[in-house]
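Asker: mmCIF, C-alpha atoms, file work.cif:
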```
data_upload
loop_
_atom_site.group_PDB
_atom_site.id
_atom_site.type_symbol
_atom_site.label_atom_id
_atom_site.label_comp_id
_atom_site.auth_asym_id
_atom_site.auth_seq_id
_atom_site.Cartn_x
_atom_site.Cartn_y
_atom_site.Cartn_z
ATOM 1 C CA MET W 1 328.252 137.370 122.080
ATOM 2 C CA LYS W 2 325.784 134.791 120.807
ATOM 3 C CA ILE W 3 324.885 131.844 123.059
ATOM 4 C CA ASN W 4 322.575 129.014 122.048
ATOM 5 C CA VAL W 5 320.339 128.332 125.066
ATOM 6 C CA LYS W 6 318.212 125.212 125.411
ATOM 7 C CA LEU W 7 315.687 124.869 128.234
ATOM 8 C CA ILE W 8 314.539 121.464 129.466
ATOM 9 C CA GLY W 9 311.283 120.448 131.132
ATOM 10 C CA LEU W 10 309.439 122.952 133.290
ATOM 11 C CA PHE W 11 311.909 125.711 132.341
ATOM 12 C CA GLN W 12 310.192 125.836 128.931
ATOM 13 C CA THR W 13 306.824 126.796 130.461
ATOM 14 C CA GLY W 14 305.949 130.228 129.087
ATOM 15 C CA ARG W 15 309.379 130.538 127.480
ATOM 16 C CA PHE W 16 311.075 128.712 124.628
ATOM 17 C CA LYS W 17 312.672 125.355 123.946
ATOM 18 C CA GLN W 18 315.828 126.557 122.215
ATOM 19 C CA GLN W 19 316.946 130.008 121.148
ATOM 20 C CA GLU W 20 320.073 131.961 120.263
ATOM 21 C CA LEU W 21 320.484 134.859 122.693
ATOM 22 C CA ASP W 22 322.919 137.765 122.838
ATOM 23 C CA TYR W 23 324.888 138.368 126.056
ATOM 24 C CA PRO W 24 327.900 140.493 126.998
ATOM 25 C CA VAL W 25 331.384 138.995 127.217
ATOM 26 C CA ASP W 26 332.103 137.305 130.587
ATOM 27 C CA THR W 27 328.470 136.269 131.108
ATOM 28 C CA LYS W 28 328.139 133.361 133.532
ATOM 29 C CA VAL W 29 325.617 130.518 133.622
ATOM 30 C CA GLN W 30 323.941 132.109 136.663
ATOM 31 C CA ASP W 31 323.538 135.386 134.719
ATOM 32 C CA VAL W 32 321.583 133.627 131.967
ATOM 33 C CA PHE W 33 319.522 131.771 134.570
ATOM 34 C CA ALA W 34 318.623 135.058 136.284
ATOM 35 C CA ASP W 35 317.998 136.888 132.994
ATOM 36 C CA LEU W 36 315.450 134.256 131.958
ATOM 37 C CA GLN W 37 313.814 134.523 135.395
ATOM 38 C CA LEU W 38 313.952 130.776 135.947
ATOM 39 C CA PRO W 39 312.886 129.575 139.426
ATOM 40 C CA GLN W 40 316.090 129.239 141.497
ATOM 41 C CA GLN W 41 314.643 126.462 143.666
ATOM 42 C CA HIS W 42 314.318 124.223 140.587
ATOM 43 C CA PHE W 43 317.858 124.670 139.242
ATOM 44 C CA GLY W 44 319.319 121.213 138.649
ATOM 45 C CA PHE W 45 322.439 121.601 136.548
ATOM 46 C CA ALA W 46 323.859 123.138 133.405
ATOM 47 C CA LEU W 47 325.768 121.794 130.430
ATOM 48 C CA ILE W 48 328.076 123.897 128.289
ATOM 49 C CA ASN W 49 328.814 122.188 124.983
ATOM 50 C CA GLY W 50 327.713 118.878 126.538
ATOM 51 C CA ILE W 51 329.942 119.138 129.620
ATOM 52 C CA HIS W 52 328.663 119.653 133.171
ATOM 53 C CA ALA W 53 329.250 123.264 134.249
ATOM 54 C CA ALA W 54 329.042 125.171 137.531
ATOM 55 C CA ARG W 55 326.764 128.174 137.971
ATOM 56 C CA ASP W 56 329.770 130.496 137.938
ATOM 57 C CA ALA W 57 331.178 129.090 134.677
ATOM 58 C CA VAL W 58 331.903 131.819 132.128
ATOM 59 C CA LEU W 59 330.345 131.411 128.698
ATOM 60 C CA ALA W 60 332.091 132.054 125.372
ATOM 61 C CA GLU W 61 330.887 133.086 121.918
ATOM 62 C CA GLY W 62 328.975 130.255 120.244
ATOM 63 C CA ASP W 63 328.573 128.099 123.364
ATOM 64 C CA HIS W 64 325.603 125.753 123.633
ATOM 65 C CA LEU W 65 324.091 126.075 127.114
ATOM 66 C CA VAL W 66 321.504 123.579 128.353
ATOM 67 C CA LEU W 67 319.652 124.358 131.597
ATOM 68 C CA LEU W 68 317.991 121.448 133.369
ATOM 69 C CA PRO W 69 315.662 121.531 136.375
ATOM 70 C CA LEU W 70 315.842 119.189 139.337
ATOM 71 C CA LEU W 71 314.285 115.868 138.487
ATOM 72 C CA GLY W 72 312.065 113.928 140.823
ATOM 73 C CA GLY W 73 310.595 110.520 140.680
ATOM 74 C CA GLY W 74 310.122 107.323 142.451
#
```
Starting from the file, give its structure as structure tokens.

Answerer:
Amino acid sequence: MKINVKLIGLFQTGRFKQQELDYPVDTKVQDVFADLQLPQQHFGFALINGIHAARDAVLAEGDHLVLLPLLGGG
């Protein structure tokens, strides 16, 4: 199934900003995160079609997944 994946901030380093990727049915957010070899300690949150999603949320054909790192500041 095709998933549109958008990476934010430091997740783009050495990767891409936005790309359509092919994954098997029943792929979860955490599977995409692991497949892209993103640093686990920086995982902030995910959005599926603009709605906050848990790591174990299952993706569907055509979903738009946004992965955001933890944000810091003062």

Asker: To one decimal in Å, tell me the separation between atom CA of Glu61 of chain W and atom CA of Thr13 of chain W.

Answerer: 26.3 Å

Asker: Pull the neighbourhood of (325.8, 124.6, 136.5) for me: all residues within 6 Å in file coordinates, counting all atoms listed in the file, as a VMD selection string.

Answerer: chain W and resid 45 to 46 53 to 55

Asker: Each side padded by 3 Å, which centre and which edge lengths in Å (one decimal) define the axis-aligned box around the listed atoms of segment 42-52 of chain W? Give them as AutoDock Vina command-line options.

Answerer:
```
--center_x 322.1 --center_y 121.8 --center_z 132.8 --size_x 21.6 --size_y 11.8 --size_z 21.6
```

Asker: Evaluating the PyMOL selection byres ((chain W and resi 1) around 7) on the displayed file yields which residues, as a ChimeraX atom specification?

Answerer: /W:2-3,22-25,61

Asker: Between W:Leu68, W:Leu7, W:Asp26, W:Gln12, which one has atoms that come closest to Gln41 of chain W, using only C-alpha atoms?

Answerer: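 Closest residue, counting only C-alpha atoms: W:Leu68.
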
Asker: Since I can't run it myself right now, could you work out what the PyMOL selection byres ((chain W and resi 9) around 12) selects here and report it as a list in words?

Answerer: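 The output of the PyMOL selection byres ((chain W and resi 9) around 12) on this file is Lys6, Leu7, Ile8, Leu10, Phe11, Gln12, Thr13, Gly14, Arg15, Phe16, Lys17, Gln18, Leu38, His42, Phe43, Gly44, Val66, Leu67, Leu68, Pro69, Leu70, Leu71 and Gly72 of chain W.
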
Asker: Please produce an output containing C-alpha atoms for each residue in the selection, written as a short mmCIF file (atom, residue, chain, number, x, y, z; two decimals), keeping the file's coordinate frame.

Answerer:
```cif
data_model
loop_
_atom_site.label_atom_id
_atom_site.label_comp_id
_atom_site.auth_asym_id
_atom_site.auth_seq_id
_atom_site.Cartn_x
_atom_site.Cartn_y
_atom_site.Cartn_z
CA LYS W 6 318.21 125.21 125.41
CA LEU W 7 315.69 124.87 128.23
CA ILE W 8 314.54 121.46 129.47
CA LEU W 10 309.44 122.95 133.29
CA PHE W 11 311.91 125.71 132.34
CA GLN W 12 310.19 125.84 128.93
CA THR W 13 306.82 126.80 130.46
CA GLY W 14 305.95 130.23 129.09
CA ARG W 15 309.38 130.54 127.48
CA PHE W 16 311.08 128.71 124.63
CA LYS W 17 312.67 125.36 123.95
CA GLN W 18 315.83 126.56 122.22
CA LEU W 38 313.95 130.78 135.95
CA HIS W 42 314.32 124.22 140.59
CA PHE W 43 317.86 124.67 139.24
CA GLY W 44 319.32 121.21 138.65
CA VAL W 66 321.50 123.58 128.35
CA LEU W 67 319.65 124.36 131.60
CA LEU W 68 317.99 121.45 133.37
CA PRO W 69 315.66 121.53 136.38
CA LEU W 70 315.84 119.19 139.34
CA LEU W 71 314.29 115.87 138.49
CA GLY W 72 312.06 113.93 140.82
#
```

Asker: Just give me the gap between atom CA of Lys28 of chain W and atom CA of Asp63 of chain W in Å, one decimal is fine.

Answerer: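 Computing it gives 11.5 Å between the two atoms.
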
Asker: Find the distance between atom CA of Leu21 of chain W and atom CA of Val5 of chain W and write it in Å to one decimal.

Answerer: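 Distance between the two atoms: 6.9 Å.
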
Asker: To test your reading of the syntax: which residues would the PyMOL selection byres ((chain W and resi 58) around 8) return for the file shown? Reply as a PDB file with C-alpha atoms, in the coordinates of the input.

Answerer:
```pdb
ATOM      1  CA  ASP W  26     332.103 137.305 130.587  1.00  0.00           C
ATOM      2  CA  THR W  27     328.470 136.269 131.108  1.00  0.00           C
ATOM      3  CA  LYS W  28     328.139 133.361 133.532  1.00  0.00           C
ATOM      4  CA  VAL W  29     325.617 130.518 133.622  1.00  0.00           C
ATOM      5  CA  ASP W  56     329.770 130.496 137.938  1.00  0.00           C
ATOM      6  CA  ALA W  57     331.178 129.090 134.677  1.00  0.00           C
ATOM      7  CA  LEU W  59     330.345 131.411 128.698  1.00  0.00           C
ATOM      8  CA  ALA W  60     332.091 132.054 125.372  1.00  0.00           C
TER       9      ALA W  60
END
```

Asker: Can you take the partial segment 13-33 of chain W, add N, CA and C atoms, and return it as an mmCIF file, keeping the file's coordinate frame?

Answerer:
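Writing the result to selection32.cif gives the following:
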```cif
data_model
loop_
_atom_site.group_PDB
_atom_site.id
_atom_site.type_symbol
_atom_site.label_atom_id
_atom_site.label_comp_id
_atom_site.auth_asym_id
_atom_site.auth_seq_id
_atom_site.Cartn_x
_atom_site.Cartn_y
_atom_site.Cartn_z
ATOM 1 N N THR W 13 308.171 126.278 130.230
ATOM 2 C CA THR W 13 306.824 126.796 130.461
ATOM 3 C C THR W 13 306.803 128.313 130.332
ATOM 4 N N GLY W 14 306.066 128.804 129.333
ATOM 5 C CA GLY W 14 305.949 130.228 129.087
ATOM 6 C C GLY W 14 307.198 130.852 128.476
ATOM 7 N N ARG W 15 308.143 130.026 128.049
ATOM 8 C CA ARG W 15 309.379 130.538 127.480
ATOM 9 C C ARG W 15 309.597 129.934 126.101
ATOM 10 N N PHE W 16 310.706 129.313 125.906
ATOM 11 C CA PHE W 16 311.075 128.712 124.628
ATOM 12 C C PHE W 16 311.782 127.387 124.884
ATOM 13 N N LYS W 17 311.942 126.613 123.821
ATOM 14 C CA LYS W 17 312.672 125.355 123.946
ATOM 15 C C LYS W 17 314.155 125.591 123.677
ATOM 16 N N GLN W 18 314.449 126.277 122.575
ATOM 17 C CA GLN W 18 315.828 126.557 122.215
ATOM 18 C C GLN W 18 315.861 127.876 121.457
ATOM 19 N N GLN W 19 316.877 128.695 121.772
ATOM 20 C CA GLN W 19 316.946 130.008 121.148
ATOM 21 C C GLN W 19 318.369 130.542 121.235
ATOM 22 N N GLU W 20 318.777 131.290 120.219
ATOM 23 C CA GLU W 20 320.073 131.961 120.263
ATOM 24 C C GLU W 20 319.866 133.334 120.896
ATOM 25 N N LEU W 21 320.629 133.609 121.954
ATOM 26 C CA LEU W 21 320.484 134.859 122.693
ATOM 27 C C LEU W 21 321.811 135.604 122.689
ATOM 28 N N ASP W 22 321.735 136.913 122.840
ATOM 29 C CA ASP W 22 322.919 137.765 122.838
ATOM 30 C C ASP W 22 323.220 138.228 124.261
ATOM 31 N N TYR W 23 324.453 137.977 124.716
ATOM 32 C CA TYR W 23 324.888 138.368 126.056
ATOM 33 C C TYR W 23 326.254 139.047 125.978
ATOM 34 N N PRO W 24 326.575 139.864 126.978
ATOM 35 C CA PRO W 24 327.900 140.493 126.998
ATOM 36 C C PRO W 24 329.005 139.474 127.297
ATOM 37 N N VAL W 25 330.211 139.822 126.911
ATOM 38 C CA VAL W 25 331.384 138.995 127.217
ATOM 39 C C VAL W 25 331.463 138.820 128.732
ATOM 40 N N ASP W 26 331.943 137.670 129.171
ATOM 41 C CA ASP W 26 332.103 137.305 130.587
ATOM 42 C C ASP W 26 330.788 136.979 131.286
ATOM 43 N N THR W 27 329.739 136.707 130.521
ATOM 44 C CA THR W 27 328.470 136.269 131.108
ATOM 45 C C THR W 27 328.657 134.872 131.686
ATOM 46 N N LYS W 28 328.069 134.656 132.857
ATOM 47 C CA LYS W 28 328.139 133.361 133.532
ATOM 48 C C LYS W 28 326.805 132.627 133.392
ATOM 49 N N VAL W 29 326.834 131.333 133.654
ATOM 50 C CA VAL W 29 325.617 130.518 133.622
ATOM 51 C C VAL W 29 324.549 131.140 134.517
ATOM 52 N N GLN W 30 324.912 131.540 135.723
ATOM 53 C CA GLN W 30 323.941 132.109 136.663
ATOM 54 C C GLN W 30 323.335 133.405 136.137
ATOM 55 N N ASP W 31 324.069 134.154 135.306
ATOM 56 C CA ASP W 31 323.538 135.386 134.719
ATOM 57 C C ASP W 31 322.415 135.073 133.731
ATOM 58 N N VAL W 32 322.612 134.040 132.924
ATOM 59 C CA VAL W 32 321.583 133.627 131.967
ATOM 60 C C VAL W 32 320.363 133.124 132.725
ATOM 61 N N PHE W 33 320.605 132.321 133.755
ATOM 62 C CA PHE W 33 319.522 131.771 134.570
ATOM 63 C C PHE W 33 318.671 132.898 135.156
#
```
